[in-house]
$ cat work-v9.cif   # mmCIF, C-alpha atoms
data_work
loop_
_atom_site.label_atom_id
_atom_site.label_comp_id
_atom_site.auth_asym_id
_atom_site.auth_seq_id
_atom_site.Cartn_x
_atom_site.Cartn_y
_atom_site.Cartn_z
CA MET A 1 42.63 -20.82 64.62
CA ALA A 2 44.99 -19.33 67.20
CA ASP A 3 47.44 -16.80 65.95
CA ALA A 4 50.24 -17.29 68.42
CA HIS A 5 52.76 -17.21 65.59
CA HIS A 6 51.52 -13.85 64.53
CA ASP A 7 51.17 -12.57 68.07
CA ALA A 8 54.68 -13.64 68.84
CA ALA A 9 55.95 -11.73 65.86
CA GLY A 10 54.66 -8.44 67.26
CA THR A 11 53.72 -6.11 64.43
CA PRO A 12 52.63 -7.44 60.98
CA GLY A 13 55.81 -6.10 59.47
CA ASP A 14 57.82 -8.35 61.79
CA LEU A 15 55.99 -11.58 60.80
CA ASP A 16 58.41 -14.29 59.74
CA PRO A 17 56.70 -17.08 57.79
CA ASP A 18 59.80 -19.25 57.98
CA ALA A 19 60.00 -19.08 61.76
CA PRO A 20 59.52 -22.49 63.54
CA PRO A 21 56.00 -23.16 64.92
CA THR A 22 55.35 -22.21 68.45
CA ASP A 23 54.20 -24.77 71.00
CA GLU A 24 50.70 -23.38 70.92
CA GLU A 25 50.53 -23.68 67.14
CA LEU A 26 51.62 -27.27 67.36
CA ARG A 27 48.89 -28.02 69.91
CA GLU A 28 46.23 -26.39 67.76
CA ALA A 29 47.40 -28.32 64.70
CA SER A 30 47.21 -31.62 66.57
CA ALA A 31 43.72 -30.83 67.83
CA LEU A 32 42.52 -29.91 64.32
CA ALA A 33 43.99 -33.08 62.85
CA ALA A 34 42.30 -35.16 65.54
CA ALA A 35 38.95 -33.44 64.96
CA LEU A 36 39.18 -33.99 61.20
CA GLU A 37 40.02 -37.66 61.76
CA ALA A 38 37.10 -38.09 64.13
CA GLY A 39 34.59 -36.65 61.66
CA SER A 40 31.53 -34.63 62.66
CA ALA A 41 31.40 -36.28 66.07
CA ALA A 42 34.23 -34.14 67.36
CA PRO A 43 33.18 -30.53 68.04
CA HIS A 44 35.87 -28.28 66.64
CA ASP A 45 35.14 -24.94 64.99
CA ASP A 46 37.98 -24.99 62.51
CA ALA A 47 37.28 -28.62 61.60
CA MET A 48 33.63 -27.82 60.98
CA PHE A 49 34.60 -24.90 58.77
CA LEU A 50 36.97 -27.03 56.72
CA ARG A 51 34.33 -29.76 56.33
CA SER A 52 31.86 -27.14 55.08
CA LEU A 53 34.35 -26.07 52.45
CA VAL A 54 34.81 -29.66 51.31
CA HIS A 55 31.02 -30.24 51.12
CA ALA A 56 30.50 -27.07 49.13
CA HIS A 57 33.36 -27.78 46.73
CA ALA A 58 32.79 -31.50 46.18
CA PRO A 59 29.45 -32.65 47.61
CA GLU A 60 29.78 -36.04 45.91
CA ARG A 61 32.64 -36.87 48.28
CA SER A 62 30.29 -36.94 51.22
CA PRO A 63 26.82 -37.98 49.94
CA LEU A 64 23.85 -37.70 52.26
CA ASP A 65 22.08 -40.86 53.21
CA ALA A 66 18.54 -41.10 51.85
CA GLU A 67 16.84 -40.75 55.22
CA ARG A 68 18.67 -37.54 56.12
CA ASN A 69 18.11 -36.16 52.62
CA GLU A 70 14.36 -36.68 52.92
CA ARG A 71 14.33 -35.13 56.37
CA LEU A 72 16.11 -32.01 55.11
CA VAL A 73 13.84 -31.68 52.08
CA ALA A 74 10.74 -32.11 54.22
CA ARG A 75 11.94 -29.47 56.64
CA ALA A 76 12.71 -27.04 53.82
CA LEU A 77 9.31 -27.57 52.19
CA ASP A 78 7.55 -27.17 55.49
CA LYS A 79 9.15 -23.76 55.96
CA GLY A 80 7.92 -22.59 52.54
CA LYS A 81 4.37 -23.78 53.03
CA ILE A 82 1.76 -21.03 53.49
CA LYS A 83 -0.04 -21.61 56.69
CA GLY A 84 -3.73 -21.88 55.90
CA ASN A 85 -5.85 -20.49 53.04
CA GLY A 86 -7.61 -17.77 55.00
CA ARG A 87 -4.71 -15.31 54.71
CA VAL A 88 -4.43 -15.82 50.94
CA ILE A 89 -8.10 -15.16 50.48
CA ARG A 90 -7.99 -12.10 52.73
CA VAL A 91 -5.05 -10.64 50.82
CA LEU A 92 -6.62 -11.43 47.45
CA PHE A 93 -10.03 -10.06 48.28
CA GLY A 94 -8.54 -7.13 50.12
CA GLY A 95 -6.52 -6.24 47.01
CA GLY A 96 -9.55 -6.63 44.81
CA ALA A 97 -11.62 -4.46 47.08
CA VAL A 98 -8.96 -1.74 47.15
CA THR A 99 -8.74 -1.82 43.34
CA ALA A 100 -12.51 -1.62 43.08
CA ALA A 101 -12.64 1.25 45.54
CA LEU A 102 -9.99 3.17 43.62
CA ALA A 103 -11.78 2.56 40.33
CA ALA A 104 -15.06 3.69 41.85
CA ALA A 105 -13.42 6.80 43.30
CA ALA A 106 -11.86 7.69 39.95
CA ALA A 107 -15.21 7.14 38.27
CA VAL A 108 -16.95 9.43 40.75
CA VAL A 109 -14.34 12.15 40.24
CA LEU A 110 -14.51 11.93 36.47
CA PHE A 111 -18.25 11.43 36.24
CA PHE A 112 -19.46 14.00 38.73
CA GLY A 113 -16.51 16.34 38.38
CA ASN A 114 -18.12 17.70 35.22
CA GLY A 115 -15.06 19.28 33.70
CA GLN A 116 -13.27 19.94 36.98
CA VAL A 117 -10.48 17.65 35.82
CA GLU A 118 -7.86 19.52 33.84
CA SER A 119 -8.44 18.81 30.16
CA ALA A 120 -5.99 18.77 27.30
CA PRO A 121 -5.39 22.01 25.37
CA LYS A 122 -8.24 22.77 23.00
CA LEU A 123 -7.22 22.16 19.41
CA ALA A 124 -9.09 23.11 16.25
CA GLN A 125 -10.81 19.96 15.07
CA SER A 126 -11.36 18.63 11.61
CA ARG A 127 -14.93 19.55 10.72
CA SER A 128 -17.32 20.52 7.96
CA THR A 129 -16.38 23.62 6.00
CA GLN A 130 -20.03 24.53 5.66
CA GLU A 131 -19.59 27.34 8.19
CA LEU A 132 -17.34 29.13 5.71
CA PHE A 133 -20.16 29.56 3.21
CA HIS A 134 -23.33 31.57 3.61
CA GLU A 135 -25.04 31.09 0.27
CA PRO A 136 -25.48 28.32 -2.28
CA PHE A 137 -22.51 27.73 -4.52
CA GLN A 138 -22.33 29.47 -7.84
CA ARG A 139 -21.37 27.43 -10.83
CA GLY A 140 -18.19 28.03 -12.76
CA GLY A 141 -14.51 27.31 -12.42
CA GLY A 142 -13.67 30.62 -10.80
CA GLU A 143 -16.21 30.06 -8.05
CA ALA A 144 -14.94 26.56 -7.38
CA ALA A 145 -11.36 27.82 -7.12
CA ALA A 146 -12.48 30.56 -4.76
CA ARG A 147 -14.14 27.94 -2.52
CA ILE A 148 -11.06 25.80 -2.21
CA ASP A 149 -9.04 28.95 -1.56
CA ARG A 150 -11.30 29.82 1.32
CA ILE A 151 -11.24 26.29 2.74
CA ALA A 152 -7.47 25.99 2.50
CA MET A 153 -6.84 29.37 4.08
CA ALA A 154 -9.25 28.72 6.95
CA ARG A 155 -7.72 25.33 7.76
CA SER A 156 -4.22 26.68 7.35
CA SER A 157 -5.05 29.17 10.06
CA ASP A 158 -6.45 26.36 12.24
CA LEU A 159 -3.30 24.30 11.77
CA ARG A 160 -1.15 27.25 12.75
CA GLU A 161 -3.25 27.82 15.87
CA ASN A 162 -2.96 24.14 16.78
CA ARG A 163 0.81 24.39 16.55
CA PHE A 164 0.90 27.43 18.79
CA THR A 165 -1.40 25.72 21.26
CA ARG A 166 0.79 22.62 21.35
CA TRP A 167 3.84 24.76 21.89
CA GLY A 168 2.06 26.56 24.69
CA VAL A 169 2.15 29.90 22.87
CA ARG A 170 -1.03 31.84 23.59
CA MET B 1 -10.63 -2.39 53.59
CA LYS B 2 -10.29 -5.70 55.39
CA PHE B 3 -12.21 -8.87 54.91
CA THR B 4 -11.90 -11.46 57.62
CA ILE B 5 -12.86 -14.85 56.41
CA SER B 6 -13.07 -17.85 58.56
CA ARG B 7 -11.35 -20.82 57.03
CA SER B 8 -14.33 -22.93 57.76
CA SER B 9 -16.93 -20.53 56.41
CA ARG B 10 -17.27 -21.20 52.70
CA GLY B 11 -20.56 -19.31 52.52
CA ALA B 12 -18.91 -16.18 53.84
CA ARG B 13 -16.17 -16.51 51.22
CA LYS B 14 -18.71 -16.73 48.46
CA ILE B 15 -20.54 -13.67 49.70
CA THR B 16 -17.31 -11.73 50.00
CA ALA B 17 -16.26 -12.78 46.50
CA LEU B 18 -19.61 -11.62 45.23
CA VAL B 19 -19.27 -8.25 46.94
CA VAL B 20 -15.76 -7.74 45.57
CA ALA B 21 -16.84 -8.75 42.07
CA LEU B 22 -19.74 -6.32 42.31
CA LEU B 23 -17.46 -3.49 43.44
CA VAL B 24 -15.03 -4.19 40.62
CA ALA B 25 -17.87 -4.28 38.09
CA VAL B 26 -19.34 -1.02 39.38
CA GLY B 27 -15.93 0.61 39.32
CA LEU B 28 -15.20 -0.52 35.79
CA VAL B 29 -18.59 0.54 34.49
CA GLY B 30 -18.21 3.89 36.22
CA LEU B 31 -14.79 4.41 34.73
CA THR B 32 -16.01 3.50 31.29
CA VAL B 33 -18.88 5.95 31.52
CA ALA B 34 -16.66 8.64 32.99
CA CYS B 35 -14.06 8.20 30.27
CA GLY B 36 -16.82 8.54 27.71
CA LYS B 37 -17.49 11.96 29.20
CA GLY B 38 -13.82 12.79 29.20
CA ASN B 39 -14.07 14.98 26.09
CA PRO B 40 -15.86 18.06 27.38
CA ARG B 41 -16.28 19.48 23.90
CA GLY B 42 -18.22 16.46 22.68
CA ASP B 43 -16.20 16.77 19.52
CA ASP B 44 -15.54 13.58 17.63
CA GLY B 45 -13.18 15.08 15.09
CA ALA B 46 -9.41 14.81 15.07
CA PRO B 47 -7.30 17.96 15.19
CA ILE B 48 -6.42 19.58 11.88
CA ASP B 49 -3.07 18.19 10.91
CA VAL B 50 -0.35 18.56 8.32
CA GLU B 51 -1.59 15.67 6.19
CA THR B 52 -5.04 17.19 5.79
CA MET B 53 -3.53 20.59 5.08
CA ALA B 54 -1.24 19.08 2.43
CA TYR B 55 -4.25 17.52 0.73
CA LEU B 56 -6.11 20.83 0.76
CA SER B 57 -3.08 22.54 -0.73
CA GLU B 58 -2.90 19.94 -3.48
CA ALA B 59 -6.59 20.43 -4.18
CA ARG B 60 -6.11 24.16 -4.38
CA SER B 61 -3.30 23.84 -6.91
CA LEU B 62 -5.27 21.46 -9.10
CA HIS B 63 -8.35 23.67 -9.01
CA HIS B 64 -6.32 26.65 -10.17
CA GLN B 65 -4.61 24.55 -12.80
CA ALA B 66 -8.01 23.46 -14.07
CA GLY B 67 -9.08 27.10 -14.08
CA ILE B 68 -6.18 28.14 -16.29
CA LYS B 69 -6.91 25.34 -18.75
CA GLU B 70 -10.62 26.06 -18.72
CA ASP B 71 -9.96 29.74 -19.45
CA THR B 72 -7.95 28.79 -22.53
CA GLY B 73 -10.64 26.40 -23.74
CA ASP B 74 -8.66 23.29 -22.83
CA PHE B 75 -11.56 21.32 -21.35
CA PRO B 76 -9.83 17.92 -21.55
CA GLY B 77 -6.90 19.44 -19.67
CA ALA B 78 -9.20 20.96 -17.04
CA ILE B 79 -11.06 17.66 -16.68
CA ALA B 80 -7.74 15.84 -16.31
CA ALA B 81 -6.71 18.22 -13.53
CA MET B 82 -9.93 17.49 -11.66
CA ALA B 83 -9.51 13.77 -12.32
CA ARG B 84 -6.08 13.99 -10.66
CA LEU B 85 -7.71 15.53 -7.63
CA THR B 86 -10.51 12.97 -7.37
CA ALA B 87 -7.97 10.16 -7.71
CA ALA B 88 -5.37 11.71 -5.39
CA GLN B 89 -4.28 9.85 -2.29
CA ARG B 90 -6.36 10.96 0.66
CA PRO B 91 -5.11 11.54 4.18
CA HIS B 92 -6.32 9.22 6.92
CA PRO B 93 -8.07 6.69 4.70
CA GLU B 94 -9.16 4.81 7.82
CA ARG B 95 -11.71 7.52 8.62
CA LYS B 96 -13.72 10.21 6.92
CA VAL B 97 -12.15 13.66 7.18
CA PRO B 98 -14.95 16.23 6.69
CA GLU B 99 -12.79 18.70 4.79
CA VAL B 100 -11.52 16.01 2.45
CA GLU B 101 -15.01 14.68 1.82
CA GLU B 102 -16.34 18.11 0.99
CA VAL B 103 -13.42 19.02 -1.24
CA LEU B 104 -13.96 15.75 -3.06
CA ALA B 105 -17.67 16.44 -3.47
CA ASP B 106 -16.86 19.85 -4.92
CA ALA B 107 -14.18 18.42 -7.20
CA PHE B 108 -16.60 15.82 -8.59
CA ALA B 109 -19.16 18.57 -9.13
CA ARG B 110 -16.67 20.73 -11.01
CA LYS B 111 -15.44 17.78 -13.09
CA ALA B 112 -19.03 16.95 -14.00
CA GLU B 113 -19.65 20.59 -14.99
CA LEU B 114 -16.56 20.53 -17.20
CA GLU B 115 -17.63 17.25 -18.80
CA LEU B 116 -21.07 18.71 -19.38
CA ARG B 117 -19.58 21.76 -21.07
CA ALA B 118 -17.44 19.42 -23.15
CA GLY B 119 -20.61 17.58 -24.22
CA ASN B 120 -19.85 14.35 -22.35
CA THR B 121 -23.20 14.00 -20.59
CA ASN B 122 -22.80 10.34 -19.76
CA ASP B 123 -19.40 10.97 -18.18
CA ALA B 124 -20.87 13.94 -16.34
CA LEU B 125 -23.69 11.82 -14.95
CA ALA B 126 -21.28 9.14 -13.78
CA THR B 127 -19.04 11.75 -12.19
CA VAL B 128 -21.79 13.44 -10.24
CA GLN B 129 -22.97 10.07 -8.99
CA GLN B 130 -19.44 9.39 -7.75
CA GLY B 131 -19.50 12.65 -5.89
CA LEU B 132 -22.79 12.25 -4.04
CA PRO B 133 -21.51 9.68 -1.49
CA HIS B 134 -19.03 12.31 -0.35
CA ALA B 135 -21.82 14.72 0.54
CA GLU B 136 -24.56 12.76 2.24
CA SER B 137 -25.55 15.46 4.72
CA PRO B 138 -27.70 18.41 3.61
CA THR B 139 -25.00 20.96 2.87
CA PHE B 140 -24.23 23.41 0.09
CA PHE B 141 -21.88 20.73 -1.28
CA ARG B 142 -24.73 18.23 -1.66
CA GLY B 143 -27.05 20.89 -2.98
CA HIS B 144 -24.46 21.87 -5.57
CA LEU B 145 -24.00 18.28 -6.70
CA LEU B 146 -27.74 17.80 -7.04
CA GLU B 147 -27.98 21.02 -9.02
CA VAL B 148 -25.23 19.84 -11.40
CA GLN B 149 -26.92 16.46 -11.72
CA GLY B 150 -30.17 18.19 -12.57
CA LEU B 151 -28.41 20.20 -15.28
CA VAL B 152 -26.80 17.03 -16.63
CA GLU B 153 -30.23 15.37 -16.83
CA LYS B 154 -31.61 18.48 -18.55
CA ALA B 155 -28.81 18.26 -21.12
CA ARG B 156 -29.43 14.56 -21.59
CA GLY B 157 -33.13 15.28 -22.13
CA ALA B 158 -32.25 17.72 -24.87
CA ALA B 159 -29.85 15.20 -26.42
CA PHE B 160 -32.53 12.48 -26.37
CA ALA B 161 -34.98 14.86 -28.00
CA ASP B 162 -32.46 15.72 -30.71
CA ALA B 163 -31.90 12.00 -31.23
CA GLY B 164 -35.62 11.43 -31.75
CA LYS B 165 -36.18 9.66 -28.43
CA PRO B 166 -39.12 11.55 -26.91
CA ASN B 167 -39.80 9.06 -24.09
CA GLU B 168 -36.21 9.07 -22.89
CA ALA B 169 -36.15 12.84 -23.27
CA LYS B 170 -39.28 13.19 -21.17
CA ALA B 171 -37.93 10.91 -18.45
CA ALA B 172 -34.64 12.83 -18.36
CA ARG B 173 -36.44 16.16 -18.09
CA GLU B 174 -38.57 14.81 -15.23
CA ARG B 175 -35.48 13.65 -13.43
CA ALA B 176 -33.93 17.04 -14.01
CA ILE B 177 -36.91 18.82 -12.48
CA ARG B 178 -36.96 16.47 -9.50
CA LEU B 179 -33.21 16.84 -8.91
CA LEU B 180 -33.26 20.63 -9.22
CA ASP B 181 -36.21 20.75 -6.85
CA GLU B 182 -34.28 18.57 -4.39
CA ALA B 183 -31.27 20.86 -4.76
CA VAL B 184 -33.42 23.87 -3.95
CA LYS B 185 -34.77 22.15 -0.84
CA VAL B 186 -31.30 21.26 0.38
CA GLN B 187 -30.04 24.78 -0.21
CA GLU B 188 -33.07 26.30 1.52
CA GLY B 189 -32.56 23.95 4.44
CA VAL B 190 -28.96 25.01 4.82
CA VAL B 191 -29.81 28.69 4.56
CA ASN B 192 -32.63 28.38 7.09
CA ALA B 193 -30.40 26.45 9.49
CA SER B 194 -27.82 29.16 9.10
CA LEU B 195 -30.34 31.88 9.87
CA ASP B 196 -31.55 29.90 12.91
CA GLY B 197 -28.01 29.79 14.19
CA GLY B 198 -27.40 26.21 13.12
CA ALA B 199 -24.39 27.24 11.10
CA LYS B 200 -22.33 30.22 11.98
#
$ encode --input "work-v9.cif" --output "structure tokens"
Amino acid sequence: MADAHHDAAGTPGDLDPDAPPTDEELREASALAAALEAGSAAPHDDAMFLRSLVHAHAPERSPLDAERNERLVARALDKGKIKGNGRVIRVLFGGGAVTAALAAAAAVVLFFGNGQVESAPKLAQSRSTQELFHEPFQRGGGEAAARIDRIAMARSSDLRENRFTRWGVR
Amino acid sequence: MKFTISRSSRGARKITALVVALLVAVGLVGLTVACGKGNPRGDDGAPIDVETMAYLSEARSLHHQAGIKEDTGDFPGAIAAMARLTAAQRPHPERKVPEVEEVLADAFARKAELELRAGNTNDALATVQQGLPHAESPTFFRGHLLEVQGLVEKARGAAFADAGKPNEAKAARERAIRLLDEAVKVQEGVVNASLDGGAK
């Protein structure tokens, strides 16, 4: 839309909304009214913009005819269609092959690396306490208590070491 | 890696699919095998943890409690202390913790010894039989249980003889000899393995 009114006013601070329309504004208004009356047949940028606003706000006021609707839908669907199956298969198989190659590479590294991969900190494992004893057990309550003392103390030490290892204290 | 497949060549697609499937299968199998080798220590045990330590501490307390009662001649009290241990909640019930199993085996052995000293040979026999499943490997723990079982059978033989049941007495004595012999073999095996470096 021409802004002769604004241009005539000079700076924005001098704009007078109550000023009478200029001749140019009156011509533009007449042309817009004529374009709106004529419908889409008349090429007018401002008229097209206003019609778009009306369609967006209240599409039921200007329903599409069935033939045009089908044409638009068909065109939209045609754009979304994947052209041919070959590309899909290539992408799919290509992805599968890459995955397989990565898996095989990881397997090779882990399998033939033989400990080259950094392992987790070594922690004392739960295991038989047999190693704490070097002769058959003697009978009697005192002996039994001494055995559990030895087991508990040994594993207490292991637990403490595990804590230090987890904390990174060496 | 790029696979170019003609839209019209269905045979080529099948071959390519086969190759990809083969690669995936090889990769997966390789990964599975490699992950199986991921533990360089080859150690199946779990790390010693607080729960196991708490159980061992509880066992220690109950053993000493039983000792105090035993020293004062309170055998029922000592047996009750051991019964508390054998019935105590165990850590990680979903798996066998070696320390817990061995402590249990030893607790059953001590309880059976106490019951034997108290004259309850039938209870002692039942107790030692409860303990054996906790010491299936040839260890000092199993050897000790077998030794106690042999002594229980020896006591039962004497009791049968006193009760005028010579056949039962003879059978019990034979079982005692067999069990004590088995205990000796287990203990010798453990000692020999230790000398060979099997146990350090």
$ resolve_selection --input "work-v9.cif" --expression "the PyMOL selection byres ((chain B and resi 123-127) around 8)" --output "number ranges by chain"
B: 108-109, 111-116, 120-122, 128-131, 149, 152-153
$ atom_distance --input "work-v9.cif" --atom1 "CA of Ser126 in chain A" --atom2 "CA of Ala146 in chain A"
20.3 Å
$ resolve_selection --input "work-v9.cif" --expression "the PyMOL selection byres ((chain B and resi 181) around 12)" --output "JSON, numbers by chain"
{"B": [143, 144, 146, 147, 148, 149, 150, 151, 174, 175, 176, 177, 178, 179, 180, 182, 183, 184, 185, 186, 187, 188]}
$ closest_residue --input "work-v9.cif" --among "A:Ala29, A:Leu132, A:Ile151, A:Ala74" --to "Met53 in chain B" --atoms "only C-alpha atoms"
A:Ile151
$ atom_distance --input "work-v9.cif" --atom1 "CA of Asn192 in chain B" --atom2 "CA of Pro133 in chain B"
23.4 Å
$ residues_around --input "work-v9.cif" --residues "Ala66 in chain B" --least-positions-apart "4" --cutoff "9 Å" --atoms "all atoms listed in the file" --output "ChimeraX atom specification"
/A:141,145 /B:61-62,70-71,74-75,77-82
$ atom_distance --input "work-v9.cif" --atom1 "CA of Pro93 in chain B" --atom2 "CA of Ala105 in chain B"
15.9 Å
$ residues_near_point --input "work-v9.cif" --point "(45.2, -28.1, 61.5)" --cutoff "12 Å" --atoms "all atoms listed in the file" --output "list in words"
Met1, Ala2, Glu24, Glu25, Leu26, Arg27, Glu28, Ala29, Ser30, Ala31, Leu32, Ala33, Ala34, Ala35, Leu36, Glu37, His44, Asp45, Asp46, Ala47, Met48, Phe49 and Leu50 of chain A
$ resolve_selection --input "work-v9.cif" --expression "the PyMOL selection byres ((chain A and resi 148) around 9)" --output "JSON, numbers by chain"
{"A": [143, 144, 145, 146, 147, 149, 150, 151, 152, 153], "B": [56, 57, 59, 60, 63, 103, 106]}
$ closest_residue --input "work-v9.cif" --among "A:Gln138, A:Asn69, A:Thr22, A:Ser52" --to "chain B" --atoms "all atoms listed in the file"
A:Gln138
$ closest_residue --input "work-v9.cif" --among "B:Ala88, B:Ala135, B:Ala83, B:Ala155" --to "chain A" --atoms "only C-alpha atoms"
B:Ala135
$ closest_residue --input "work-v9.cif" --among "B:Gly119, B:Pro76, B:Gly157, B:Pro138" --to "chain A" --atoms "only C-alpha atoms"
B:Pro138
$ decode --input "work-v9.cif" --residues "range 57-74 of chain A" --atoms "N, CA, C and O atoms" --output "PDB file, in the first residue's frame"
ATOM      1  N   HIS A  57      -8.428 -17.019   8.123  1.00  0.00           N
ATOM      2  CA  HIS A  57      -9.256 -16.800   9.303  1.00  0.00           C
ATOM      3  C   HIS A  57     -10.589 -17.556   9.216  1.00  0.00           C
ATOM      4  O   HIS A  57     -11.044 -18.136  10.213  1.00  0.00           O
ATOM      5  N   ALA A  58     -11.187 -17.586   8.050  1.00  0.00           N
ATOM      6  CA  ALA A  58     -12.496 -18.230   7.921  1.00  0.00           C
ATOM      7  C   ALA A  58     -12.563 -18.965   6.592  1.00  0.00           C
ATOM      8  O   ALA A  58     -13.172 -18.479   5.629  1.00  0.00           O
ATOM      9  N   PRO A  59     -11.906 -20.147   6.518  1.00  0.00           N
ATOM     10  CA  PRO A  59     -11.863 -20.857   5.231  1.00  0.00           C
ATOM     11  C   PRO A  59     -13.244 -21.279   4.730  1.00  0.00           C
ATOM     12  O   PRO A  59     -13.435 -21.455   3.524  1.00  0.00           O
ATOM     13  N   GLU A  60     -14.208 -21.423   5.665  1.00  0.00           N
ATOM     14  CA  GLU A  60     -15.528 -21.871   5.231  1.00  0.00           C
ATOM     15  C   GLU A  60     -16.237 -20.805   4.378  1.00  0.00           C
ATOM     16  O   GLU A  60     -17.204 -21.103   3.670  1.00  0.00           O
ATOM     17  N   ARG A  61     -15.753 -19.571   4.435  1.00  0.00           N
ATOM     18  CA  ARG A  61     -16.388 -18.509   3.665  1.00  0.00           C
ATOM     19  C   ARG A  61     -16.033 -18.580   2.187  1.00  0.00           C
ATOM     20  O   ARG A  61     -16.681 -17.957   1.352  1.00  0.00           O
ATOM     21  N   SER A  62     -14.984 -19.311   1.896  1.00  0.00           N
ATOM     22  CA  SER A  62     -14.610 -19.441   0.482  1.00  0.00           C
ATOM     23  C   SER A  62     -14.178 -20.879   0.221  1.00  0.00           C
ATOM     24  O   SER A  62     -12.994 -21.177   0.032  1.00  0.00           O
ATOM     25  N   PRO A  63     -15.141 -21.835   0.269  1.00  0.00           N
ATOM     26  CA  PRO A  63     -14.790 -23.257   0.101  1.00  0.00           C
ATOM     27  C   PRO A  63     -14.227 -23.541  -1.291  1.00  0.00           C
ATOM     28  O   PRO A  63     -14.628 -22.911  -2.262  1.00  0.00           O
ATOM     29  N   LEU A  64     -13.301 -24.540  -1.296  1.00  0.00           N
ATOM     30  CA  LEU A  64     -12.726 -24.940  -2.579  1.00  0.00           C
ATOM     31  C   LEU A  64     -13.703 -25.833  -3.302  1.00  0.00           C
ATOM     32  O   LEU A  64     -14.419 -26.624  -2.674  1.00  0.00           O
ATOM     33  N   ASP A  65     -13.719 -25.769  -4.591  1.00  0.00           N
ATOM     34  CA  ASP A  65     -14.545 -26.731  -5.320  1.00  0.00           C
ATOM     35  C   ASP A  65     -13.811 -28.073  -5.314  1.00  0.00           C
ATOM     36  O   ASP A  65     -12.585 -28.133  -5.156  1.00  0.00           O
ATOM     37  N   ALA A  66     -14.577 -29.150  -5.461  1.00  0.00           N
ATOM     38  CA  ALA A  66     -14.030 -30.498  -5.293  1.00  0.00           C
ATOM     39  C   ALA A  66     -12.872 -30.770  -6.239  1.00  0.00           C
ATOM     40  O   ALA A  66     -11.861 -31.370  -5.865  1.00  0.00           O
ATOM     41  N   GLU A  67     -13.003 -30.309  -7.461  1.00  0.00           N
ATOM     42  CA  GLU A  67     -11.956 -30.599  -8.461  1.00  0.00           C
ATOM     43  C   GLU A  67     -10.630 -29.946  -8.064  1.00  0.00           C
ATOM     44  O   GLU A  67      -9.574 -30.586  -8.102  1.00  0.00           O
ATOM     45  N   ARG A  68     -10.694 -28.699  -7.623  1.00  0.00           N
ATOM     46  CA  ARG A  68      -9.465 -28.002  -7.244  1.00  0.00           C
ATOM     47  C   ARG A  68      -8.869 -28.632  -5.978  1.00  0.00           C
ATOM     48  O   ARG A  68      -7.658 -28.775  -5.844  1.00  0.00           O
ATOM     49  N   ASN A  69      -9.777 -29.021  -5.052  1.00  0.00           N
ATOM     50  CA  ASN A  69      -9.308 -29.657  -3.820  1.00  0.00           C
ATOM     51  C   ASN A  69      -8.511 -30.917  -4.142  1.00  0.00           C
ATOM     52  O   ASN A  69      -7.417 -31.140  -3.625  1.00  0.00           O
ATOM     53  N   GLU A  70      -9.073 -31.747  -5.020  1.00  0.00           N
ATOM     54  CA  GLU A  70      -8.379 -32.987  -5.382  1.00  0.00           C
ATOM     55  C   GLU A  70      -7.054 -32.714  -6.057  1.00  0.00           C
ATOM     56  O   GLU A  70      -6.060 -33.406  -5.841  1.00  0.00           O
ATOM     57  N   ARG A  71      -7.036 -31.686  -6.892  1.00  0.00           N
ATOM     58  CA  ARG A  71      -5.803 -31.348  -7.600  1.00  0.00           C
ATOM     59  C   ARG A  71      -4.699 -30.940  -6.604  1.00  0.00           C
ATOM     60  O   ARG A  71      -3.551 -31.366  -6.711  1.00  0.00           O
ATOM     61  N   LEU A  72      -5.098 -30.137  -5.613  1.00  0.00           N
ATOM     62  CA  LEU A  72      -4.129 -29.677  -4.613  1.00  0.00           C
ATOM     63  C   LEU A  72      -3.614 -30.838  -3.769  1.00  0.00           C
ATOM     64  O   LEU A  72      -2.410 -30.952  -3.479  1.00  0.00           O
ATOM     65  N   VAL A  73      -4.550 -31.720  -3.373  1.00  0.00           N
ATOM     66  CA  VAL A  73      -4.147 -32.876  -2.554  1.00  0.00           C
ATOM     67  C   VAL A  73      -3.195 -33.765  -3.328  1.00  0.00           C
ATOM     68  O   VAL A  73      -2.161 -34.209  -2.815  1.00  0.00           O
ATOM     69  N   ALA A  74      -3.565 -34.008  -4.620  1.00  0.00           N
ATOM     70  CA  ALA A  74      -2.716 -34.870  -5.440  1.00  0.00           C
ATOM     71  C   ALA A  74      -1.318 -34.287  -5.590  1.00  0.00           C
ATOM     72  O   ALA A  74      -0.311 -35.002  -5.519  1.00  0.00           O
TER      73      ALA A  74
END
